[in-house]
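The file work_18.cif comes next; it holds mmCIF, N, CA and C atoms and all ligand atoms.
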data_model
#
loop_
_atom_site.label_atom_id
_atom_site.label_comp_id
_atom_site.auth_asym_id
_atom_site.auth_seq_id
_atom_site.Cartn_x
_atom_site.Cartn_y
_atom_site.Cartn_z
N MET A 1 39.40 -38.10 16.41
CA MET A 1 38.48 -38.77 15.53
C MET A 1 37.03 -38.37 15.82
N LYS A 2 36.67 -38.38 17.11
CA LYS A 2 35.32 -38.00 17.50
C LYS A 2 35.04 -36.54 17.12
N ARG A 3 36.06 -35.74 17.25
CA ARG A 3 35.90 -34.32 16.92
C ARG A 3 35.61 -34.13 15.43
N ARG A 4 36.33 -34.88 14.58
CA ARG A 4 36.08 -34.80 13.14
C ARG A 4 34.66 -35.24 12.79
N LEU A 5 34.23 -36.29 13.42
CA LEU A 5 32.88 -36.79 13.18
C LEU A 5 31.84 -35.77 13.62
N PHE A 6 32.08 -35.15 14.75
CA PHE A 6 31.17 -34.12 15.25
C PHE A 6 31.10 -32.94 14.28
N VAL A 7 32.27 -32.49 13.81
CA VAL A 7 32.32 -31.35 12.88
C VAL A 7 31.60 -31.71 11.59
N ARG A 8 31.80 -32.92 11.10
CA ARG A 8 31.13 -33.35 9.86
C ARG A 8 29.61 -33.36 10.04
N LYS A 9 29.14 -33.92 11.15
CA LYS A 9 27.70 -33.96 11.40
C LYS A 9 27.13 -32.55 11.57
N LEU A 10 27.90 -31.69 12.23
CA LEU A 10 27.46 -30.31 12.40
C LEU A 10 27.35 -29.61 11.04
N ALA A 11 28.33 -29.83 10.18
CA ALA A 11 28.31 -29.21 8.84
C ALA A 11 27.12 -29.71 8.04
N ILE A 12 26.84 -31.01 8.11
CA ILE A 12 25.69 -31.57 7.38
C ILE A 12 24.39 -31.00 7.93
N THR A 13 24.28 -30.89 9.24
CA THR A 13 23.07 -30.34 9.85
C THR A 13 22.86 -28.89 9.44
N LEU A 14 23.91 -28.08 9.52
CA LEU A 14 23.79 -26.67 9.16
C LEU A 14 23.48 -26.51 7.67
N SER A 15 24.08 -27.35 6.82
CA SER A 15 23.78 -27.30 5.38
C SER A 15 22.33 -27.66 5.12
N SER A 16 21.82 -28.64 5.85
CA SER A 16 20.42 -29.03 5.67
C SER A 16 19.48 -27.91 6.09
N ILE A 17 19.79 -27.28 7.20
CA ILE A 17 18.95 -26.16 7.67
C ILE A 17 18.99 -25.02 6.66
N ALA A 18 20.19 -24.68 6.18
CA ALA A 18 20.32 -23.60 5.20
C ALA A 18 19.55 -23.95 3.93
N GLY A 19 19.64 -25.20 3.49
CA GLY A 19 18.91 -25.63 2.30
C GLY A 19 17.41 -25.52 2.49
N ALA A 20 16.94 -25.91 3.67
CA ALA A 20 15.50 -25.82 3.95
C ALA A 20 15.04 -24.37 3.94
N ILE A 21 15.82 -23.48 4.52
CA ILE A 21 15.46 -22.05 4.55
C ILE A 21 15.43 -21.49 3.13
N ILE A 22 16.43 -21.80 2.34
CA ILE A 22 16.46 -21.32 0.95
C ILE A 22 15.26 -21.87 0.18
N GLY A 23 14.93 -23.13 0.40
CA GLY A 23 13.78 -23.73 -0.27
C GLY A 23 12.48 -23.04 0.11
N ILE A 24 12.31 -22.73 1.38
CA ILE A 24 11.09 -22.05 1.84
C ILE A 24 11.00 -20.66 1.22
N VAL A 25 12.11 -19.92 1.25
CA VAL A 25 12.11 -18.57 0.67
C VAL A 25 11.80 -18.63 -0.82
N PHE A 26 12.40 -19.59 -1.51
CA PHE A 26 12.17 -19.74 -2.95
C PHE A 26 10.70 -20.06 -3.22
N PHE A 27 10.14 -20.96 -2.46
CA PHE A 27 8.74 -21.34 -2.67
C PHE A 27 7.81 -20.17 -2.40
N ARG A 28 8.06 -19.44 -1.34
CA ARG A 28 7.18 -18.31 -0.98
C ARG A 28 7.24 -17.20 -2.02
N GLN A 29 8.41 -17.03 -2.64
CA GLN A 29 8.55 -16.00 -3.66
C GLN A 29 7.57 -16.23 -4.80
N PHE A 30 7.37 -17.48 -5.18
CA PHE A 30 6.46 -17.78 -6.28
C PHE A 30 5.03 -17.98 -5.82
N SER A 31 4.85 -18.45 -4.62
CA SER A 31 3.50 -18.76 -4.18
C SER A 31 2.66 -17.50 -3.99
N HIS A 32 3.26 -16.33 -3.65
CA HIS A 32 2.46 -15.14 -3.42
C HIS A 32 1.95 -14.53 -4.70
N LYS A 33 2.40 -14.99 -5.84
CA LYS A 33 1.95 -14.43 -7.11
C LYS A 33 0.70 -15.13 -7.65
N ARG A 34 0.19 -16.10 -6.92
CA ARG A 34 -1.02 -16.77 -7.37
C ARG A 34 -2.20 -15.81 -7.30
N ALA A 35 -3.21 -16.06 -8.13
CA ALA A 35 -4.41 -15.23 -8.12
C ALA A 35 -4.99 -15.20 -6.71
N GLY A 36 -5.45 -14.03 -6.32
CA GLY A 36 -6.04 -13.91 -5.00
C GLY A 36 -5.03 -13.60 -3.92
N SER A 37 -3.75 -13.43 -4.28
CA SER A 37 -2.77 -13.09 -3.27
C SER A 37 -3.00 -11.65 -2.82
N VAL A 38 -2.28 -11.23 -1.78
CA VAL A 38 -2.48 -9.89 -1.25
C VAL A 38 -2.03 -8.81 -2.24
N LYS A 39 -1.25 -9.18 -3.24
CA LYS A 39 -0.80 -8.20 -4.23
C LYS A 39 -1.86 -7.93 -5.28
N GLN A 40 -2.84 -8.81 -5.38
CA GLN A 40 -3.96 -8.58 -6.29
C GLN A 40 -5.14 -8.20 -5.43
N VAL A 41 -5.47 -6.92 -5.45
CA VAL A 41 -6.42 -6.37 -4.50
C VAL A 41 -7.77 -6.11 -5.16
N ARG A 42 -8.80 -6.65 -4.58
CA ARG A 42 -10.15 -6.38 -5.07
C ARG A 42 -10.60 -5.04 -4.51
N LEU A 43 -11.11 -4.19 -5.42
CA LEU A 43 -11.41 -2.82 -5.03
C LEU A 43 -12.89 -2.52 -4.88
N GLY A 44 -13.73 -3.29 -5.49
CA GLY A 44 -15.15 -3.01 -5.41
C GLY A 44 -15.76 -2.77 -6.78
N GLU A 45 -16.98 -2.30 -6.78
CA GLU A 45 -17.71 -2.08 -8.03
C GLU A 45 -17.24 -0.78 -8.69
N LEU A 46 -17.42 -0.72 -9.99
CA LEU A 46 -17.10 0.49 -10.74
C LEU A 46 -17.89 1.68 -10.19
N SER A 47 -19.12 1.43 -9.80
CA SER A 47 -19.98 2.51 -9.29
C SER A 47 -19.48 3.07 -7.95
N ASP A 48 -18.55 2.38 -7.30
CA ASP A 48 -17.99 2.89 -6.05
C ASP A 48 -17.03 4.06 -6.29
N PHE A 49 -16.67 4.27 -7.56
CA PHE A 49 -15.67 5.30 -7.88
C PHE A 49 -16.31 6.41 -8.70
N PRO A 50 -16.44 7.59 -8.13
CA PRO A 50 -17.07 8.70 -8.85
C PRO A 50 -16.27 9.10 -10.09
N VAL A 51 -16.98 9.53 -11.11
CA VAL A 51 -16.35 9.94 -12.38
C VAL A 51 -15.53 11.20 -12.16
N ASP A 52 -14.40 11.27 -12.88
CA ASP A 52 -13.48 12.42 -12.82
C ASP A 52 -12.95 12.68 -11.42
N THR A 53 -12.69 11.61 -10.70
CA THR A 53 -12.24 11.74 -9.31
C THR A 53 -11.10 10.74 -9.04
N TYR A 54 -10.13 11.21 -8.25
CA TYR A 54 -9.10 10.31 -7.71
C TYR A 54 -9.58 9.88 -6.33
N THR A 55 -9.89 8.62 -6.17
CA THR A 55 -10.37 8.09 -4.90
C THR A 55 -9.21 7.44 -4.16
N PHE A 56 -8.95 7.90 -2.93
CA PHE A 56 -7.83 7.36 -2.16
C PHE A 56 -8.26 6.08 -1.45
N ILE A 57 -7.48 5.01 -1.65
CA ILE A 57 -7.71 3.73 -0.96
C ILE A 57 -6.61 3.61 0.08
N GLU A 58 -6.93 4.04 1.28
CA GLU A 58 -5.91 4.13 2.33
C GLU A 58 -5.28 2.77 2.65
N GLU A 59 -6.09 1.73 2.65
CA GLU A 59 -5.59 0.40 3.01
C GLU A 59 -4.44 -0.06 2.11
N HIS A 60 -4.46 0.38 0.85
CA HIS A 60 -3.43 -0.06 -0.09
C HIS A 60 -2.57 1.09 -0.60
N ASN A 61 -2.82 2.28 -0.07
CA ASN A 61 -2.01 3.45 -0.39
C ASN A 61 -1.96 3.72 -1.90
N ILE A 62 -3.13 3.71 -2.50
CA ILE A 62 -3.23 4.02 -3.92
C ILE A 62 -4.39 5.00 -4.15
N PHE A 63 -4.33 5.67 -5.29
CA PHE A 63 -5.47 6.44 -5.78
C PHE A 63 -6.01 5.72 -7.00
N VAL A 64 -7.31 5.62 -7.08
CA VAL A 64 -7.96 5.08 -8.28
C VAL A 64 -8.64 6.24 -8.98
N TYR A 65 -8.30 6.42 -10.25
CA TYR A 65 -8.91 7.48 -11.03
C TYR A 65 -9.89 6.89 -12.03
N ARG A 66 -11.07 7.46 -12.06
CA ARG A 66 -12.08 7.02 -13.03
C ARG A 66 -12.50 8.21 -13.87
N ASP A 67 -12.58 7.99 -15.18
CA ASP A 67 -13.22 8.98 -16.04
C ASP A 67 -14.43 8.32 -16.69
N HIS A 68 -14.92 8.85 -17.79
CA HIS A 68 -16.16 8.35 -18.39
C HIS A 68 -16.00 7.00 -19.07
N GLU A 69 -14.75 6.61 -19.36
CA GLU A 69 -14.57 5.36 -20.10
C GLU A 69 -13.53 4.42 -19.50
N SER A 70 -12.84 4.83 -18.44
CA SER A 70 -11.75 3.99 -17.95
C SER A 70 -11.46 4.25 -16.47
N VAL A 71 -10.66 3.34 -15.90
CA VAL A 71 -10.13 3.51 -14.55
C VAL A 71 -8.65 3.15 -14.58
N LYS A 72 -7.90 3.74 -13.66
CA LYS A 72 -6.49 3.42 -13.51
C LYS A 72 -6.08 3.69 -12.07
N ALA A 73 -4.96 3.09 -11.66
CA ALA A 73 -4.54 3.18 -10.26
C ALA A 73 -3.10 3.65 -10.18
N VAL A 74 -2.86 4.61 -9.29
CA VAL A 74 -1.52 5.14 -9.10
C VAL A 74 -1.14 5.03 -7.62
N SER A 75 0.11 4.73 -7.38
CA SER A 75 0.60 4.63 -6.01
C SER A 75 0.59 6.01 -5.35
N ALA A 76 0.27 6.03 -4.06
CA ALA A 76 0.31 7.26 -3.28
C ALA A 76 1.62 7.37 -2.51
N VAL A 77 2.58 6.51 -2.83
CA VAL A 77 3.87 6.50 -2.12
C VAL A 77 4.86 7.39 -2.85
N CYS A 78 5.29 8.44 -2.18
CA CYS A 78 6.27 9.36 -2.75
C CYS A 78 7.56 8.60 -3.05
N THR A 79 8.12 8.90 -4.22
CA THR A 79 9.33 8.18 -4.63
C THR A 79 10.60 8.73 -3.98
N HIS A 80 10.46 9.76 -3.15
CA HIS A 80 11.63 10.26 -2.43
C HIS A 80 11.93 9.35 -1.25
N LEU A 81 11.12 9.45 -0.20
CA LEU A 81 11.38 8.62 0.98
C LEU A 81 10.14 7.87 1.45
N GLY A 82 9.12 7.83 0.62
CA GLY A 82 8.00 6.96 0.92
C GLY A 82 6.83 7.54 1.69
N CYS A 83 6.76 8.84 1.86
CA CYS A 83 5.58 9.42 2.51
C CYS A 83 4.37 9.26 1.59
N THR A 84 3.19 9.41 2.15
CA THR A 84 1.97 9.32 1.36
C THR A 84 1.64 10.68 0.77
N VAL A 85 1.52 10.73 -0.55
CA VAL A 85 1.21 11.99 -1.21
C VAL A 85 -0.28 12.30 -1.05
N GLN A 86 -0.61 13.57 -1.24
CA GLN A 86 -2.00 14.02 -1.12
C GLN A 86 -2.42 14.66 -2.43
N ARG A 87 -3.72 14.62 -2.70
CA ARG A 87 -4.24 15.23 -3.91
C ARG A 87 -4.21 16.75 -3.79
N THR A 88 -3.91 17.41 -4.89
CA THR A 88 -4.09 18.84 -5.02
C THR A 88 -5.06 19.05 -6.17
N THR A 89 -5.33 20.27 -6.53
CA THR A 89 -6.29 20.51 -7.62
C THR A 89 -5.75 20.02 -8.97
N ASP A 90 -4.43 19.97 -9.11
CA ASP A 90 -3.88 19.57 -10.41
C ASP A 90 -2.77 18.53 -10.32
N GLY A 91 -2.78 17.73 -9.26
CA GLY A 91 -1.77 16.69 -9.16
C GLY A 91 -1.68 16.13 -7.76
N PHE A 92 -0.45 15.88 -7.33
CA PHE A 92 -0.19 15.31 -6.02
C PHE A 92 0.94 16.09 -5.36
N GLU A 93 0.85 16.19 -4.03
CA GLU A 93 1.89 16.88 -3.28
C GLU A 93 2.33 16.00 -2.12
N CYS A 94 3.63 15.96 -1.88
CA CYS A 94 4.13 15.21 -0.73
C CYS A 94 4.30 16.16 0.46
N PRO A 95 3.67 15.84 1.59
CA PRO A 95 3.74 16.74 2.74
C PRO A 95 5.09 16.69 3.47
N CYS A 96 5.91 15.71 3.16
CA CYS A 96 7.16 15.57 3.92
C CYS A 96 8.25 16.54 3.48
N HIS A 97 8.55 16.57 2.18
CA HIS A 97 9.64 17.42 1.70
C HIS A 97 9.23 18.24 0.49
N GLY A 98 7.94 18.25 0.18
CA GLY A 98 7.42 19.18 -0.81
C GLY A 98 7.51 18.79 -2.27
N SER A 99 7.67 17.52 -2.58
CA SER A 99 7.66 17.13 -4.00
C SER A 99 6.27 17.33 -4.58
N TYR A 100 6.24 17.71 -5.86
CA TYR A 100 4.98 17.86 -6.58
C TYR A 100 4.99 16.93 -7.79
N TYR A 101 3.82 16.35 -8.01
CA TYR A 101 3.63 15.46 -9.16
C TYR A 101 2.42 15.96 -9.95
N ALA A 102 2.47 15.80 -11.26
CA ALA A 102 1.32 16.13 -12.10
C ALA A 102 0.25 15.05 -11.97
N ASN A 103 -0.90 15.27 -12.59
CA ASN A 103 -1.97 14.26 -12.56
C ASN A 103 -1.53 12.91 -13.12
N ASP A 104 -0.61 12.93 -14.07
CA ASP A 104 -0.14 11.65 -14.62
C ASP A 104 0.99 11.03 -13.78
N GLY A 105 1.26 11.62 -12.63
CA GLY A 105 2.27 11.08 -11.71
C GLY A 105 3.69 11.52 -12.00
N SER A 106 3.90 12.29 -13.05
CA SER A 106 5.26 12.73 -13.37
C SER A 106 5.72 13.80 -12.38
N VAL A 107 6.99 13.78 -12.07
CA VAL A 107 7.55 14.73 -11.11
C VAL A 107 7.58 16.13 -11.72
N ILE A 108 7.00 17.09 -11.00
CA ILE A 108 7.08 18.49 -11.42
C ILE A 108 8.25 19.16 -10.69
N SER A 109 8.36 18.88 -9.40
CA SER A 109 9.51 19.39 -8.64
C SER A 109 9.85 18.41 -7.53
N GLY A 110 11.14 18.30 -7.27
CA GLY A 110 11.67 17.33 -6.31
C GLY A 110 11.55 17.76 -4.88
N PRO A 111 12.19 16.96 -4.04
CA PRO A 111 13.30 16.05 -4.30
C PRO A 111 12.94 14.67 -4.83
N ALA A 112 11.70 14.39 -5.10
CA ALA A 112 11.35 13.06 -5.63
C ALA A 112 12.17 12.78 -6.90
N PRO A 113 12.84 11.63 -6.96
CA PRO A 113 13.71 11.35 -8.10
C PRO A 113 12.98 10.78 -9.31
N THR A 114 11.83 10.13 -9.08
CA THR A 114 11.12 9.49 -10.20
C THR A 114 9.62 9.69 -10.05
N ASP A 115 8.90 9.39 -11.13
CA ASP A 115 7.45 9.55 -11.17
C ASP A 115 6.76 8.55 -10.23
N LEU A 116 5.51 8.84 -9.91
CA LEU A 116 4.70 7.89 -9.14
C LEU A 116 4.48 6.64 -9.99
N VAL A 117 4.25 5.53 -9.31
CA VAL A 117 4.11 4.23 -9.97
C VAL A 117 2.63 3.95 -10.26
N TRP A 118 2.36 3.47 -11.47
CA TRP A 118 1.00 3.07 -11.85
C TRP A 118 0.91 1.56 -11.86
N TYR A 119 -0.29 1.07 -11.54
CA TYR A 119 -0.48 -0.38 -11.47
C TYR A 119 -1.54 -0.84 -12.46
N LYS A 120 -1.37 -2.06 -12.91
CA LYS A 120 -2.31 -2.67 -13.85
C LYS A 120 -3.64 -2.95 -13.15
N MET A 121 -4.71 -2.62 -13.84
CA MET A 121 -6.04 -2.91 -13.31
C MET A 121 -6.76 -3.89 -14.22
N SER A 122 -7.69 -4.62 -13.65
CA SER A 122 -8.50 -5.54 -14.43
C SER A 122 -9.89 -5.63 -13.80
N ARG A 123 -10.74 -6.32 -14.48
CA ARG A 123 -12.11 -6.48 -13.99
C ARG A 123 -12.39 -7.96 -13.82
N LEU A 124 -12.89 -8.32 -12.67
CA LEU A 124 -13.21 -9.71 -12.39
C LEU A 124 -14.50 -10.11 -13.12
N PRO A 125 -14.74 -11.40 -13.28
CA PRO A 125 -15.97 -11.84 -13.96
C PRO A 125 -17.25 -11.30 -13.31
N ASP A 126 -17.20 -11.05 -12.01
CA ASP A 126 -18.40 -10.52 -11.35
C ASP A 126 -18.50 -8.99 -11.48
N GLY A 127 -17.58 -8.38 -12.21
CA GLY A 127 -17.65 -6.95 -12.48
C GLY A 127 -16.83 -6.08 -11.54
N ARG A 128 -16.36 -6.67 -10.44
CA ARG A 128 -15.57 -5.86 -9.51
C ARG A 128 -14.20 -5.54 -10.10
N LEU A 129 -13.64 -4.43 -9.65
CA LEU A 129 -12.33 -4.00 -10.11
C LEU A 129 -11.24 -4.64 -9.27
N MET A 130 -10.11 -4.89 -9.91
CA MET A 130 -8.97 -5.44 -9.20
C MET A 130 -7.71 -4.71 -9.66
N VAL A 131 -6.80 -4.48 -8.73
CA VAL A 131 -5.51 -3.87 -9.08
C VAL A 131 -4.42 -4.85 -8.67
N ASP A 132 -3.42 -4.98 -9.54
CA ASP A 132 -2.30 -5.88 -9.28
C ASP A 132 -1.09 -5.04 -8.87
N LEU A 133 -0.77 -5.08 -7.59
CA LEU A 133 0.32 -4.26 -7.06
C LEU A 133 1.70 -4.82 -7.42
N ASP A 134 1.71 -5.96 -8.11
CA ASP A 134 2.96 -6.50 -8.65
C ASP A 134 3.19 -6.08 -10.09
N ALA A 135 2.16 -5.57 -10.73
CA ALA A 135 2.24 -5.26 -12.16
C ALA A 135 2.32 -3.76 -12.37
N VAL A 136 3.54 -3.27 -12.51
CA VAL A 136 3.76 -1.84 -12.72
C VAL A 136 3.53 -1.52 -14.19
N THR A 137 2.83 -0.42 -14.40
CA THR A 137 2.52 -0.01 -15.77
C THR A 137 2.73 1.50 -15.87
N GLY A 138 2.06 2.17 -16.78
CA GLY A 138 2.21 3.62 -16.93
C GLY A 138 0.87 4.31 -16.89
N PRO A 139 0.87 5.64 -16.87
CA PRO A 139 -0.39 6.39 -16.76
C PRO A 139 -1.30 6.22 -17.97
N ASP A 140 -0.76 5.80 -19.10
CA ASP A 140 -1.60 5.63 -20.29
C ASP A 140 -2.25 4.25 -20.36
N ASP A 141 -1.81 3.34 -19.49
CA ASP A 141 -2.37 1.99 -19.48
C ASP A 141 -3.55 1.95 -18.53
N LYS A 142 -4.74 2.15 -19.06
CA LYS A 142 -5.94 2.19 -18.22
C LYS A 142 -6.89 1.07 -18.62
N LEU A 143 -7.74 0.74 -17.68
CA LEU A 143 -8.75 -0.29 -17.94
C LEU A 143 -9.96 0.40 -18.56
N ILE A 144 -10.20 0.09 -19.82
CA ILE A 144 -11.32 0.72 -20.51
C ILE A 144 -12.55 -0.17 -20.37
N PHE A 145 -13.65 0.42 -19.98
CA PHE A 145 -14.89 -0.35 -19.86
C PHE A 145 -15.90 0.23 -20.85
N THR A 146 -16.88 -0.54 -21.19
CA THR A 146 -17.88 -0.05 -22.14
C THR A 146 -19.27 -0.12 -21.54
FE1 LIG B 201 8.10 12.90 -0.41
FE2 LIG B 201 10.45 13.44 0.63
S1 LIG B 201 9.16 11.76 1.06
S2 LIG B 201 9.38 14.56 -0.84
#

Represent the structure of the file as structure tokens.
Ligand code: FES
Amino acid sequence: MKRRLFVRKLAITLSSIAGAIIGIVFFRQFSHKRAGSVKQVRLGELSDFPVDTYTFIEEHNIFVYRDHESVKAVSAVCTHLGCTVQRTTDGFECPCHGSYYANDGSVISGPAPTDLVWYKMSRLPDGRLMVDLDAVTGPDDKLIFT
């Protein structure tokens, strides 16, 4: 009888712990998407990014490209095994296994299986640029400024 009671209490305790862990994981999944989370990265002023240049942001492993009317951000993470790609005169090259990407991030030669990832950019009320590393977009989706 005591053994049954012990097993029952143990099962209830373990179920409670598992429920608490699941609840914490569930809550954290949604809480990191709030504005100002680490996935929404403030990049600085527009003037920090030279025109017609891909500027590497090492801290977040992205390139920010600015032209005369817009900015956009592309991941520097190779889609093969995750090395950091480097700029070439006409695209990106992975130093690990030699994948090449065009300026729009599309794969020119493998082993990279897919194109580089682009992220949504926005401008804060104070004028600074922000990139959302949770919001995947495409090379044609750029932040146009006037
Ligand atoms: Fe880039 Fe392999 S990690 S080609």

Exercise for review: Have a look at A:Arg8, A:Glu45, A:Glu58, A:Leu14 and name the one nearest to Leu129 (chain A); count all atoms listed in the file.
Suggested key: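 Smallest separation from Leu129 (chain A) among the options: A:Glu45.
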
Check your understanding: Out of region 71-143 of chain A, which residues get strand (DSSP E or B) from DSSP, as a PyMOL selection string?
Key -> chain A and resi 71-75+77+84+86-88+91-93+100-102+107-109+118-123+129-137+143

Suppose we keep N, CA and C atoms; can you now write the selection as a short mmCIF file (atom, residue, chain, number, x, y, z; two decimals), keeping the file's coordinate frame?
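Wrote out_18.cif, looks like this:
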data_model
loop_
_atom_site.label_atom_id
_atom_site.label_comp_id
_atom_site.auth_asym_id
_atom_site.auth_seq_id
_atom_site.Cartn_x
_atom_site.Cartn_y
_atom_site.Cartn_z
N VAL A 71 -10.66 3.34 -15.90
CA VAL A 71 -10.13 3.51 -14.55
C VAL A 71 -8.65 3.15 -14.58
N LYS A 72 -7.90 3.74 -13.66
CA LYS A 72 -6.49 3.42 -13.51
C LYS A 72 -6.08 3.69 -12.07
N ALA A 73 -4.96 3.09 -11.66
CA ALA A 73 -4.54 3.18 -10.26
C ALA A 73 -3.10 3.65 -10.18
N VAL A 74 -2.86 4.61 -9.29
CA VAL A 74 -1.52 5.14 -9.10
C VAL A 74 -1.14 5.03 -7.62
N SER A 75 0.11 4.73 -7.38
CA SER A 75 0.60 4.63 -6.01
C SER A 75 0.59 6.01 -5.35
N VAL A 77 2.58 6.51 -2.83
CA VAL A 77 3.87 6.50 -2.12
C VAL A 77 4.86 7.39 -2.85
N THR A 84 3.19 9.41 2.15
CA THR A 84 1.97 9.32 1.36
C THR A 84 1.64 10.68 0.77
N GLN A 86 -0.61 13.57 -1.24
CA GLN A 86 -2.00 14.02 -1.12
C GLN A 86 -2.42 14.66 -2.43
N ARG A 87 -3.72 14.62 -2.70
CA ARG A 87 -4.24 15.23 -3.91
C ARG A 87 -4.21 16.75 -3.79
N THR A 88 -3.91 17.41 -4.89
CA THR A 88 -4.09 18.84 -5.02
C THR A 88 -5.06 19.05 -6.17
N GLY A 91 -2.78 17.73 -9.26
CA GLY A 91 -1.77 16.69 -9.16
C GLY A 91 -1.68 16.13 -7.76
N PHE A 92 -0.45 15.88 -7.33
CA PHE A 92 -0.19 15.31 -6.02
C PHE A 92 0.94 16.09 -5.36
N GLU A 93 0.85 16.19 -4.03
CA GLU A 93 1.89 16.88 -3.28
C GLU A 93 2.33 16.00 -2.12
N TYR A 100 6.24 17.71 -5.86
CA TYR A 100 4.98 17.86 -6.58
C TYR A 100 4.99 16.93 -7.79
N TYR A 101 3.82 16.35 -8.01
CA TYR A 101 3.63 15.46 -9.16
C TYR A 101 2.42 15.96 -9.95
N ALA A 102 2.47 15.80 -11.26
CA ALA A 102 1.32 16.13 -12.10
C ALA A 102 0.25 15.05 -11.97
N VAL A 107 6.99 13.78 -12.07
CA VAL A 107 7.55 14.73 -11.11
C VAL A 107 7.58 16.13 -11.72
N ILE A 108 7.00 17.09 -11.00
CA ILE A 108 7.08 18.49 -11.42
C ILE A 108 8.25 19.16 -10.69
N SER A 109 8.36 18.88 -9.40
CA SER A 109 9.51 19.39 -8.64
C SER A 109 9.85 18.41 -7.53
N TRP A 118 2.36 3.47 -11.47
CA TRP A 118 1.00 3.07 -11.85
C TRP A 118 0.91 1.56 -11.86
N TYR A 119 -0.29 1.07 -11.54
CA TYR A 119 -0.48 -0.38 -11.47
C TYR A 119 -1.54 -0.84 -12.46
N LYS A 120 -1.37 -2.06 -12.91
CA LYS A 120 -2.31 -2.67 -13.85
C LYS A 120 -3.64 -2.95 -13.15
N MET A 121 -4.71 -2.62 -13.84
CA MET A 121 -6.04 -2.91 -13.31
C MET A 121 -6.76 -3.89 -14.22
N SER A 122 -7.69 -4.62 -13.65
CA SER A 122 -8.50 -5.54 -14.43
C SER A 122 -9.89 -5.63 -13.80
N ARG A 123 -10.74 -6.32 -14.48
CA ARG A 123 -12.11 -6.48 -13.99
C ARG A 123 -12.39 -7.96 -13.82
N LEU A 129 -13.64 -4.43 -9.65
CA LEU A 129 -12.33 -4.00 -10.11
C LEU A 129 -11.24 -4.64 -9.27
N MET A 130 -10.11 -4.89 -9.91
CA MET A 130 -8.97 -5.44 -9.20
C MET A 130 -7.71 -4.71 -9.66
N VAL A 131 -6.80 -4.48 -8.73
CA VAL A 131 -5.51 -3.87 -9.08
C VAL A 131 -4.42 -4.85 -8.67
N ASP A 132 -3.42 -4.98 -9.54
CA ASP A 132 -2.30 -5.88 -9.28
C ASP A 132 -1.09 -5.04 -8.87
N LEU A 133 -0.77 -5.08 -7.59
CA LEU A 133 0.32 -4.26 -7.06
C LEU A 133 1.70 -4.82 -7.42
N ASP A 134 1.71 -5.96 -8.11
CA ASP A 134 2.96 -6.50 -8.65
C ASP A 134 3.19 -6.08 -10.09
N ALA A 135 2.16 -5.57 -10.73
CA ALA A 135 2.24 -5.26 -12.16
C ALA A 135 2.32 -3.76 -12.37
N VAL A 136 3.54 -3.27 -12.51
CA VAL A 136 3.76 -1.84 -12.72
C VAL A 136 3.53 -1.52 -14.19
N THR A 137 2.83 -0.42 -14.40
CA THR A 137 2.52 -0.01 -15.77
C THR A 137 2.73 1.50 -15.87
N LEU A 143 -7.74 0.74 -17.68
CA LEU A 143 -8.75 -0.29 -17.94
C LEU A 143 -9.96 0.40 -18.56
#

Practice item. List every residue of chain A that DSSP, applied to the backbone of this structure, places in alpha helix (DSSP H), and write the result as a PyMOL selection string. Key: chain A and resi 2-31

Practice item. Could you report the residues within 6 Å of ligand LIG 201 (chain B), using only N, CA and C atoms and all ligand atoms, as number ranges by chain? Key: A: 78-83, 94-99, 110-112

Review point. What does the distance from atom C of Phe49 (chain A) to atom N of Val136 (chain A) come to in Å, to one decimal?
Key: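 Interatomic distance here is 22.4 Å.
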
Check your understanding: What separation in Å, quoted to one decimal, exists between CA of Val41 (chain A) and CA of Ile108 (chain A)?
Key -> 29.1 Å
